[in-house]
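Next comes final27.cif, with mmCIF, C-alpha atoms.
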```cif
data_structure
loop_
_atom_site.label_atom_id
_atom_site.label_comp_id
_atom_site.auth_asym_id
_atom_site.auth_seq_id
_atom_site.Cartn_x
_atom_site.Cartn_y
_atom_site.Cartn_z
CA MET A 1 96.32 109.20 78.18
CA GLY A 2 95.10 108.63 81.71
CA ARG A 3 92.01 106.77 80.61
CA VAL A 4 91.68 103.01 80.74
CA MET A 5 92.65 101.66 77.34
CA LYS A 6 91.39 98.68 75.42
CA SER A 7 93.37 95.93 73.81
CA ASN A 8 92.81 95.29 70.11
CA LYS A 9 92.38 91.53 70.50
CA GLN A 10 89.76 91.26 73.18
CA ASN A 11 88.44 94.84 73.09
CA ALA A 12 88.18 94.68 76.88
CA PRO A 13 89.31 97.23 79.51
CA VAL A 14 92.92 96.77 80.58
CA GLN A 15 94.26 98.21 83.82
CA MET A 16 97.38 100.31 83.32
CA ASP A 17 100.61 98.85 84.63
CA TYR A 18 103.34 100.81 86.41
CA GLN A 19 105.22 101.82 83.28
CA ASN A 20 102.07 102.94 81.54
CA ARG A 21 101.16 105.13 84.51
CA ALA A 22 104.69 106.48 84.62
CA LEU A 23 104.47 107.63 81.03
CA CYS A 24 101.07 109.23 81.57
CA PHE A 25 102.51 111.08 84.56
CA ALA A 26 105.47 112.16 82.47
CA PHE A 27 103.23 113.71 79.82
CA ARG A 28 101.58 115.87 82.45
CA ASN A 29 104.68 116.55 84.56
CA PRO A 30 107.77 116.49 82.34
CA PRO A 31 111.12 116.58 84.18
CA LYS A 32 113.19 119.73 83.93
CA GLY A 33 114.88 120.06 80.56
CA VAL A 34 112.38 117.83 78.77
CA LYS A 35 110.00 119.72 76.53
CA LYS A 36 106.40 118.67 76.21
CA ALA A 37 106.87 118.64 72.46
CA LYS A 38 109.33 115.75 72.83
CA LEU A 39 106.82 113.81 74.85
CA LYS A 40 104.19 114.43 72.19
CA ASP A 41 106.59 113.02 69.61
CA ILE A 42 106.77 109.77 71.61
CA ARG A 43 102.98 109.65 71.67
CA LYS A 44 102.76 110.18 67.91
CA LYS A 45 105.25 107.39 67.24
CA VAL A 46 103.20 105.03 69.37
CA ARG A 47 100.08 106.02 67.45
CA ASN A 48 101.78 105.42 64.10
CA LYS A 49 103.12 102.01 65.12
CA ALA A 50 99.69 100.93 66.28
CA GLY A 51 97.97 101.96 63.09
CA GLY A 52 96.37 105.07 64.51
CA LYS A 53 95.50 103.64 67.94
CA VAL A 54 97.41 103.68 71.21
CA THR A 55 97.72 100.10 72.42
CA LEU A 56 98.79 98.91 75.84
CA GLN A 57 101.85 97.25 74.34
CA GLY A 58 102.87 100.39 72.46
CA ILE A 59 102.47 102.62 75.49
CA SER A 60 104.42 100.19 77.67
CA GLN A 61 107.30 100.12 75.20
CA ALA A 62 107.29 103.91 74.91
CA ALA A 63 107.33 104.13 78.70
CA LYS A 64 110.34 101.82 78.85
CA ASP A 65 112.19 103.91 76.26
CA PHE A 66 111.29 107.14 78.02
CA LEU A 67 112.33 105.91 81.46
CA ARG A 68 115.58 104.51 80.12
CA LYS A 69 116.54 107.76 78.40
CA LYS A 70 115.26 110.33 80.87
CA GLY A 71 115.36 108.43 84.18
CA ALA A 72 112.55 107.87 86.64
CA VAL A 73 109.79 110.46 86.80
CA GLY A 74 108.12 111.82 89.90
CA CYS A 75 109.14 113.81 92.95
CA PRO A 76 112.81 113.73 93.93
CA SER A 77 113.82 111.80 97.04
CA GLY A 78 113.09 113.70 100.25
CA PHE A 79 110.67 116.11 98.56
CA ARG A 80 107.93 117.50 100.82
CA LYS A 81 105.03 119.45 99.40
CA THR A 82 104.34 121.61 102.47
CA THR A 83 106.45 123.61 104.89
CA ALA A 84 106.36 123.23 108.68
CA ALA A 85 104.25 126.39 108.94
CA GLU A 86 101.78 125.05 106.38
CA ASP A 87 101.56 121.75 108.25
CA GLU A 88 100.65 123.66 111.40
CA LYS A 89 97.96 125.55 109.49
CA ILE A 90 96.45 122.29 108.22
CA MET A 91 96.31 120.90 111.76
CA GLU A 92 94.87 124.16 113.10
CA VAL A 93 92.00 124.06 110.60
CA PHE A 94 91.48 120.34 111.27
CA HIS A 95 91.09 120.82 115.03
CA ARG A 96 88.77 123.79 114.49
CA LEU A 97 86.48 121.79 112.22
CA ARG A 98 86.59 118.65 114.35
CA PRO A 99 85.62 119.22 117.96
CA PRO A 100 85.38 115.91 119.89
CA GLY A 101 82.96 113.57 118.16
CA HIS A 102 82.32 115.72 115.10
CA GLY A 103 82.71 114.20 111.65
CA VAL A 104 85.19 115.78 109.26
CA THR A 105 86.66 114.85 105.88
CA ALA A 106 89.89 115.79 104.13
CA LYS A 107 87.76 117.56 101.51
CA LYS A 108 86.19 119.75 104.17
CA VAL A 109 89.57 120.57 105.73
CA ARG A 110 91.00 121.58 102.34
CA LYS A 111 87.96 123.75 101.61
CA HIS A 112 88.64 125.84 104.75
CA LEU A 113 92.37 126.33 104.16
CA PRO A 114 93.68 129.71 102.96
CA LYS A 115 93.26 129.95 99.18
CA GLN A 116 96.99 129.89 98.43
CA LEU A 117 97.52 126.74 100.51
CA GLN A 118 94.31 125.22 99.14
CA LYS A 119 95.71 125.45 95.61
CA LYS A 120 99.00 123.91 96.71
CA VAL A 121 97.74 120.77 98.45
CA CYS A 122 95.32 118.00 97.54
CA GLU A 123 93.20 115.82 99.80
CA LYS A 124 95.85 113.08 99.81
CA THR A 125 98.40 115.52 101.22
CA ILE A 126 96.01 116.48 104.01
CA ILE A 127 95.38 112.81 104.82
CA SER A 128 99.15 112.23 104.95
CA ARG A 129 99.69 115.14 107.35
CA LEU A 130 96.91 113.90 109.62
CA ARG A 131 98.34 110.40 109.58
CA GLU A 132 101.75 111.73 110.59
CA LYS A 133 100.14 113.11 113.76
CA GLY A 134 98.34 109.84 114.49
CA PHE A 135 94.93 110.84 113.12
CA LYS A 136 93.35 108.28 110.80
CA ALA A 137 89.88 107.65 109.44
CA GLN A 138 88.09 105.31 111.84
CA MET A 139 84.53 104.17 112.42
CA LYS A 140 83.08 105.42 115.67
CA LEU A 141 82.31 102.90 118.35
CA GLY A 142 78.59 102.66 118.99
CA LYS A 143 76.51 99.87 120.36
CA GLN A 144 78.24 97.20 122.33
CA ASP A 145 80.18 94.63 120.35
CA PHE A 146 78.62 91.34 119.34
CA LYS A 147 78.41 88.73 122.05
CA GLU A 148 80.52 85.61 121.70
CA ILE A 149 77.63 83.43 120.53
CA GLN A 150 76.70 85.98 117.83
CA LEU A 151 80.31 86.27 116.67
CA LYS A 152 80.40 82.51 116.18
CA LYS A 153 77.17 82.53 114.17
CA ARG A 154 78.43 85.30 111.93
CA LEU A 155 81.82 83.69 111.44
CA ARG A 156 80.23 80.34 110.64
CA TYR A 157 77.98 81.98 108.05
CA GLY A 158 80.99 83.72 106.50
CA LYS A 159 82.96 80.49 106.22
CA VAL A 160 80.06 78.59 104.66
CA ASN A 161 79.71 81.25 101.95
CA LEU A 162 83.37 82.22 101.61
CA ASN A 163 83.93 80.60 98.22
CA LYS A 164 80.89 82.13 96.54
CA THR A 165 81.85 84.57 93.80
CA ALA A 166 79.98 87.78 93.02
CA GLN A 167 78.33 86.09 90.03
CA VAL A 168 77.19 83.12 92.13
CA TRP A 169 75.57 85.52 94.59
CA LYS A 170 73.80 87.28 91.72
CA ASP A 171 72.53 83.97 90.37
CA ASP A 172 71.30 82.71 93.75
CA LEU A 173 70.03 85.95 95.30
CA GLN A 174 67.60 88.05 93.29
CA ALA A 175 67.35 90.98 95.68
CA VAL A 176 68.22 92.50 99.05
CA GLY A 177 65.73 94.44 101.15
CA ASP A 178 65.34 96.29 104.42
CA MET A 179 63.43 98.99 106.31
CA LYS A 180 64.91 102.30 107.39
CA ASP A 181 63.78 105.18 109.60
CA TYR A 182 64.61 108.67 108.32
CA THR A 183 64.31 111.58 110.73
CA TRP A 184 63.45 115.20 109.98
CA TYR A 185 65.07 117.70 112.33
CA PRO A 186 63.84 121.26 112.90
CA LEU A 187 66.29 124.00 112.02
CA GLU A 188 67.51 124.58 115.59
CA LEU A 189 68.65 120.95 115.89
CA ARG A 190 70.24 120.38 112.47
CA ALA A 191 73.71 121.76 113.20
CA LYS A 192 74.13 119.60 116.29
CA PHE A 193 72.77 116.53 114.51
CA THR A 194 75.07 116.99 111.50
CA ALA A 195 78.10 117.22 113.75
CA LEU A 196 77.33 114.16 115.85
CA ARG A 197 75.70 111.77 113.37
CA ALA A 198 78.85 111.07 111.32
CA PRO A 199 79.63 107.33 111.60
CA TRP A 200 83.36 108.00 111.25
CA THR A 201 85.93 110.75 111.56
CA TYR A 202 89.68 111.28 111.75
CA MET A 203 90.85 110.42 115.25
CA THR A 204 93.66 108.73 117.11
CA ASP A 205 93.36 105.27 118.63
CA GLU A 206 93.25 106.86 122.10
CA GLU A 207 90.48 109.30 121.13
CA ARG A 208 88.35 106.51 119.68
CA LYS A 209 87.93 105.05 123.17
CA LEU A 210 86.71 108.33 124.70
CA PRO A 211 82.93 108.78 125.22
CA ALA A 212 82.92 112.07 123.29
CA PHE A 213 84.04 110.25 120.12
CA GLN A 214 81.52 107.42 120.35
CA ARG A 215 78.13 107.52 118.67
CA PRO A 216 75.45 108.43 121.22
CA LYS A 217 72.35 106.29 121.59
CA ARG A 218 70.28 109.48 121.65
CA TRP A 219 71.25 112.61 119.77
CA PHE A 220 69.21 114.97 121.95
CA PRO A 221 67.46 115.22 125.33
CA LYS A 222 63.85 114.02 125.37
CA LYS A 223 62.33 117.52 125.05
CA GLU A 224 64.36 118.25 121.93
CA TRP A 225 63.79 114.79 120.50
CA GLN A 226 60.01 115.38 120.61
CA LYS A 227 60.44 118.14 118.02
CA THR A 228 61.66 115.68 115.38
CA LYS A 229 59.50 113.66 112.96
CA LYS A 230 60.16 110.24 111.48
CA LEU A 231 59.12 108.32 108.43
CA LYS A 232 59.92 104.71 107.59
CA VAL A 233 60.94 103.49 104.14
CA PHE A 234 61.02 99.98 102.73
CA GLY A 235 63.46 99.36 99.91
CA ILE A 236 64.49 96.42 97.77
CA THR A 237 67.30 96.30 95.19
CA THR A 238 67.68 93.51 92.64
CA SER A 239 70.87 91.88 91.40
CA THR A 240 70.33 93.73 88.11
CA GLY A 241 70.31 97.11 89.84
CA LYS A 242 66.59 97.91 89.76
CA SER A 243 64.98 99.20 92.94
CA LEU A 244 61.59 99.53 94.58
CA ASN A 245 61.02 101.97 97.47
CA TRP A 246 57.97 103.24 99.27
CA VAL A 247 57.11 105.11 102.46
CA VAL A 248 55.65 102.76 105.05
CA PRO A 249 52.36 104.16 106.40
CA LYS A 250 51.37 104.31 110.06
CA PRO A 251 50.19 102.07 111.54
CA TYR A 252 51.92 99.23 109.72
CA GLY A 253 51.76 95.63 110.88
CA ALA A 254 52.32 92.10 109.62
CA ALA A 255 49.03 92.07 107.68
CA GLU A 256 49.97 95.24 105.78
CA TRP A 257 53.41 93.81 105.02
CA ALA A 258 51.87 90.59 103.72
CA ALA A 259 49.63 92.65 101.44
CA ASP A 260 52.64 94.58 100.14
CA ILE A 261 54.42 91.30 99.42
CA ARG A 262 51.53 90.26 97.17
CA ASP A 263 50.81 93.68 95.64
CA ARG A 264 54.25 95.28 95.40
CA VAL A 265 57.27 93.02 95.97
CA VAL A 266 56.28 89.93 93.98
CA PRO A 267 54.95 91.84 90.91
CA PHE A 268 58.14 93.92 90.94
CA LEU A 269 60.37 90.81 90.99
CA ARG A 270 58.34 89.14 88.27
CA GLY A 271 58.83 92.19 86.10
CA CYS A 272 62.59 92.15 86.73
CA PHE A 273 62.97 88.36 86.28
CA PRO A 274 60.16 87.25 83.93
CA ARG A 275 61.69 83.80 83.35
CA LYS A 276 62.10 82.86 87.01
CA PRO A 277 59.31 80.88 88.68
CA SER A 278 60.54 81.71 92.21
CA PHE A 279 62.73 84.26 93.93
CA GLN A 280 65.14 84.42 96.85
CA ILE A 281 65.74 87.67 98.71
CA LEU A 282 67.68 88.84 101.75
CA LEU A 283 65.73 90.51 104.53
CA ASP A 284 67.13 91.73 107.83
CA GLY A 285 65.91 90.21 111.06
CA GLU A 286 63.14 92.72 111.88
CA ALA A 287 60.32 90.64 113.38
CA LEU A 288 57.64 92.31 111.26
CA LEU A 289 59.27 91.07 108.03
CA HIS A 290 59.22 87.44 109.23
CA ALA A 291 55.79 87.24 110.82
CA PRO A 292 53.73 84.04 110.14
CA VAL A 293 51.26 85.85 107.88
CA ALA A 294 54.18 87.30 105.90
CA LYS A 295 55.82 83.88 105.54
CA LYS A 296 52.56 82.47 104.18
CA ALA A 297 52.27 85.31 101.65
CA MET A 298 55.83 84.61 100.50
CA ALA A 299 55.27 80.86 100.20
CA ASP A 300 52.06 81.38 98.21
CA ASN A 301 53.88 83.61 95.73
CA GLY A 302 57.13 81.70 95.21
CA LEU A 303 59.22 83.98 97.40
CA LYS A 304 61.68 82.77 100.01
CA VAL A 305 64.14 84.47 102.35
CA LEU A 306 67.86 83.70 102.32
CA PRO A 307 68.25 80.95 104.96
CA ASN A 308 70.49 80.87 108.04
CA TRP A 309 71.04 84.64 108.02
CA PRO A 310 72.85 85.73 111.23
CA GLY A 311 70.42 88.15 112.86
CA TYR A 312 71.35 91.65 114.02
CA SER A 313 73.85 92.01 111.18
CA PRO A 314 72.97 95.19 109.26
CA ASP A 315 76.64 95.57 108.26
CA LEU A 316 76.25 92.47 106.07
CA ASN A 317 73.10 93.64 104.27
CA PRO A 318 74.02 95.57 101.07
CA GLN A 319 70.74 97.48 101.20
CA GLU A 320 72.26 99.48 104.07
CA ASN A 321 74.53 101.12 101.47
CA VAL A 322 71.44 102.64 99.86
CA TRP A 323 70.26 104.05 103.17
CA ALA A 324 73.65 105.57 104.00
CA TRP A 325 74.02 107.13 100.54
CA ALA A 326 70.49 108.54 100.62
CA GLU A 327 71.07 109.97 104.11
CA GLU A 328 74.17 111.82 102.91
CA ARG A 329 72.32 113.09 99.84
CA LEU A 330 69.40 114.34 101.94
CA ARG A 331 71.65 116.30 104.27
CA GLU A 332 73.60 117.81 101.37
CA ILE A 333 70.54 119.27 99.64
CA GLU A 334 68.66 120.18 102.82
CA LYS A 335 67.76 123.86 103.15
CA ASP A 336 66.96 125.86 106.27
CA SER A 337 63.42 126.48 105.05
CA ASP A 338 62.62 122.80 104.38
CA SER A 339 59.49 121.53 106.09
CA PHE A 340 58.69 117.93 106.95
CA ASP A 341 56.52 117.69 103.80
CA VAL A 342 59.50 118.65 101.63
CA PHE A 343 61.70 116.16 103.49
CA HIS A 344 59.04 113.46 103.00
CA THR A 345 59.15 113.93 99.21
CA ARG A 346 62.93 113.97 99.00
CA VAL A 347 63.50 110.77 100.97
CA ILE A 348 62.06 108.51 98.27
CA GLN A 349 63.77 110.52 95.53
CA ALA A 350 67.12 110.08 97.27
CA CYS A 351 66.63 106.34 97.76
CA ARG A 352 65.67 105.86 94.11
CA ALA A 353 68.67 107.85 92.93
CA TYR A 354 71.25 105.44 94.39
CA PRO A 355 73.71 104.92 91.48
CA TYR A 356 75.42 101.63 92.35
CA GLY A 357 72.48 99.26 92.65
CA ASN A 358 73.87 96.71 90.18
CA LYS A 359 76.86 96.12 92.49
CA LEU A 360 75.00 95.50 95.74
CA VAL A 361 74.17 91.80 95.52
CA GLY A 362 77.60 90.98 94.08
CA SER A 363 79.23 92.78 97.02
CA MET A 364 78.16 89.88 99.24
CA ALA A 365 81.30 88.03 98.13
CA LYS A 366 83.54 90.76 99.53
CA ARG A 367 81.46 91.02 102.70
CA MET A 368 81.94 87.33 103.40
CA ARG A 369 85.73 87.67 102.99
CA LEU A 370 85.82 90.63 105.37
CA LEU A 371 83.62 88.79 107.84
CA VAL A 372 86.02 85.85 107.99
CA GLU A 373 89.07 88.14 108.17
CA LYS A 374 87.54 89.96 111.14
CA GLU A 375 86.49 86.65 112.76
CA GLY A 376 82.84 87.60 112.86
CA ALA A 377 83.27 91.18 114.05
CA ASN A 378 81.56 94.19 112.45
CA ILE A 379 82.95 94.73 108.93
CA GLY A 380 82.07 98.43 108.97
CA LYS A 381 80.05 98.42 105.75
#
```
Rewritten as C-alpha cells:
Amino acid sequence: MGRVMKSNKQNAPVQMDYQNRALCFAFRNPPKGVKKAKLKDIRKKVRNKAGGKVTLQGISQAAKDFLRKKGAVGCPSGFRKTTAAEDEKIMEVFHRLRPPGHGVTAKKVRKHLPKQLQKKVCEKTIISRLREKGFKAQMKLGKQDFKEIQLKKRLRYGKVNLNKTAQVWKDDLQAVGDMKDYTWYPLELRAKFTALRAPWTYMTDEERKLPAFQRPKRWFPKKEWQKTKKLKVFGITTSTGKSLNWVVPKPYGAAEWAADIRDRVVPFLRGCFPRKPSFQILLDGEALLHAPVAKKAMADNGLKVLPNWPGYSPDLNPQENVWAWAEERLREIEKDSDSFDVFHTRVIQACRAYPYGNKLVGSMAKRMRLLVEKEGANIGK
C-alpha cells in the first residue's frame, strides 16, 4: 500500500496525496478498537471497484470514508515518544560520539543507544531531540568565503542560467568532469582522519564558529602527513549516466592530458553519443585541464568546454558528488590490513560504482536555483 501507484489512464507514477498516505498509515497502525480485518475489507472493496486494481481515486475515496467514520489517524495531541530520562540518554550518547569537530549522524547515535531504547526510537526522533537542544546538521566552515568579486561572478552565472530546466542542461551539456586526489592513510592515522574529515556534523550555531568545529587545512603535522600516499583520479560522467574514470599517472602534464583527450575522452563520448558531431563538457578551473595544448586537442576533436564557468566553484560541479560518494564508500569498506595497493584498486571501483550518474547533469538546474537563492555563496553541494 505504501508503494507509489500508477494511474490507469497514463500508466505513470503518481505521488500519494495526504489522504492516501493517511489510509496507508491506518492499515499499518489501526486506532484502538479498529480491527485490521476491517481495514482489509476496505482494501478489498477498493480492489473490487477498480476491477482488481487499486487506483489512486479508489484509495483516496476509501481514505475519505475511513477518516470520516473513524476520525483522524496518527499520534494523539501532546504525545511524546521518549521520556525525559531517555532524552538525556540520547544526548549523552550524542556528546560521547561527537567530540568537538567530529562528524556524527543520527544513524550512528541510534546504533550506540541501549537496545531497548534503540528499538523504541527511529532516526527522525533522534534528529528531533537534537534540534530541541539547538543541534542541527550543518556544513563545517572551511576555507575563507568567496571574495566579493567572485560572489558577483557566481551570482551572474546563476542568473543567466536560472531558467534552464534539467532537460535543457542534458541537451546542451554532454558530460561533467574533474580531477580528484584520494589519500591512503596508514592504520595509526585512520581514526583521527575519520573523525575530522567529515564535511558536516550536528552542532549549534555558536559551535560552528569555533575553530575546533571548522575543517582544518591540514589533518596532521608534517611528520605524520609524510606517512600518507596519494593518487589522482580523472572522472567524467555523461548526461546519460555513463562514466569514465582512470588513475592519473605521475608525472602528468598538459601533454599527457591532451593525449588522453584524443585517446580516452573523445572516443568515450563518441561511443555514448554516436549521432553528435561535437560535444560540450564541464571542467573545473584546474590550469592543467585548460592548457593551450589541451585546448588545441579539444578543438581538433570537436570538444569544447562550457563557457563562462565561474572558477573556483567545485560546489557547482556535479562530478564532485561522485568523489564524495566514492570517498564514503572507500572508508566504509576499508580494513585495518589494507595496503596502498589495495586502496589503489578500490578507488576506481568505488568511482565506477556511483549509482546516480544519470541525474548529475540534470542537477545543474537545481544548483543554479540554489546559487541565486544564496546570492552567489557556497551552495554546499
Practice problem: Could you expand the PyMOL selection byres ((chain A and resi 365-375) around 9) into the explicit residues it covers here, written as a VMD selection string? | Solution: chain A and resid 151 to 152 154 to 159 161 to 169 315 to 318 361 to 364 376 to 379 381
Atoms kept (C-alpha atoms) for selection, written as a PDB file, in the frame of the given file:
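File written: selection-v8.pdb
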```pdb
ATOM      1  CA  LEU A 151      80.310  86.270 116.670  1.00  0.00           C
ATOM      2  CA  LYS A 152      80.400  82.510 116.180  1.00  0.00           C
ATOM      3  CA  ARG A 154      78.430  85.300 111.930  1.00  0.00           C
ATOM      4  CA  LEU A 155      81.820  83.690 111.440  1.00  0.00           C
ATOM      5  CA  ARG A 156      80.230  80.340 110.640  1.00  0.00           C
ATOM      6  CA  TYR A 157      77.980  81.980 108.050  1.00  0.00           C
ATOM      7  CA  GLY A 158      80.990  83.720 106.500  1.00  0.00           C
ATOM      8  CA  LYS A 159      82.960  80.490 106.220  1.00  0.00           C
ATOM      9  CA  ASN A 161      79.710  81.250 101.950  1.00  0.00           C
ATOM     10  CA  LEU A 162      83.370  82.220 101.610  1.00  0.00           C
ATOM     11  CA  ASN A 163      83.930  80.600  98.220  1.00  0.00           C
ATOM     12  CA  LYS A 164      80.890  82.130  96.540  1.00  0.00           C
ATOM     13  CA  THR A 165      81.850  84.570  93.800  1.00  0.00           C
ATOM     14  CA  ALA A 166      79.980  87.780  93.020  1.00  0.00           C
ATOM     15  CA  GLN A 167      78.330  86.090  90.030  1.00  0.00           C
ATOM     16  CA  VAL A 168      77.190  83.120  92.130  1.00  0.00           C
ATOM     17  CA  TRP A 169      75.570  85.520  94.590  1.00  0.00           C
ATOM     18  CA  ASP A 315      76.640  95.570 108.260  1.00  0.00           C
ATOM     19  CA  LEU A 316      76.250  92.470 106.070  1.00  0.00           C
ATOM     20  CA  ASN A 317      73.100  93.640 104.270  1.00  0.00           C
ATOM     21  CA  PRO A 318      74.020  95.570 101.070  1.00  0.00           C
ATOM     22  CA  VAL A 361      74.170  91.800  95.520  1.00  0.00           C
ATOM     23  CA  GLY A 362      77.600  90.980  94.080  1.00  0.00           C
ATOM     24  CA  SER A 363      79.230  92.780  97.020  1.00  0.00           C
ATOM     25  CA  MET A 364      78.160  89.880  99.240  1.00  0.00           C
ATOM     26  CA  GLY A 376      82.840  87.600 112.860  1.00  0.00           C
ATOM     27  CA  ALA A 377      83.270  91.180 114.050  1.00  0.00           C
ATOM     28  CA  ASN A 378      81.560  94.190 112.450  1.00  0.00           C
ATOM     29  CA  ILE A 379      82.950  94.730 108.930  1.00  0.00           C
ATOM     30  CA  LYS A 381      80.050  98.420 105.750  1.00  0.00           C
TER      31      LYS A 381
END
```
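When only C-alpha atoms are used to compute distances to A:Lys140, the closest of the residues A:Trp200, A:Trp225, A:Phe234, A:Trp219 turns out to be A:Trp200.
Atom to atom, atom CA of A:Ala326 and atom CA of A:Pro274 stand 29.0 Å apart.
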Practice problem: List the residues matched by the PyMOL selection byres ((chain A and resi 329) around 10) in the displayed structure as JSON, numbers by chain, ordered by chain and then by residue number. | Solution: {"A": [323, 324, 325, 326, 327, 328, 330, 331, 332, 333, 334, 346, 347, 349, 350, 351, 353, 354]}
Quiz item: Hey, what's within 8 Å of A:Lys81 if we count all atoms listed in the file and toss same-chain stuff fewer than 6 positions away? As a PyMOL selection string, please?
Solution: chain A and resi 120-121+125
Self-check item: Which of A:Asp87, A:Lys242, A:Glu286, A:Lys250 sits closest to A:Lys133 [using only C-alpha atoms]
Solution: A:Asp87
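Those residues that approach A:Arg96 to within 12 Å, counting only C-alpha atoms, are Lys89, Ile90, His102, Gly103, Val104, Lys108, Val109, His112 and Leu113 of chain A; same-chain residues fewer than 6 positions away are not listed.
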Practice problem: List, as a count of residues only, every residue that the PyMOL selection byres ((chain A and resi 123) around 8) selects in the file provided. | Solution: 9
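The smallest atom-to-atom distance between A:Pro267 and any of A:Gly241, A:Pro314, A:Pro249, A:Gly302, using all atoms listed in the file, is found for A:Gly302.
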Self-check item: Residue list as an MDAnalysis selection string for point (53.7, 85.8, 101.2), cut-off 10 Å, all atoms listed in the file
Solution: chainID A and resid 257:262 265:266 290:304
Quiz prompt | Distance in Å - atom CA of A:Val160 versus atom CA of A:Leu306 | solution = 13.4 Å
Self-check item: A:Phe220 surroundings by all atoms listed in the file, 10 Å radius, close-in-sequence under 5 positions cut, as a PyMOL selection string
Solution: chain A and resi 189+192-193+225-226
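Taking atom CA of A:Arg208 as the reference point, atom CA of A:Ile149 is found at 25.5 Å.
Proximity of A:Gly357, A:Pro199, A:Pro277, A:Gly177 to A:Leu289, computed with all atoms listed in the file, is greatest for A:Gly177.
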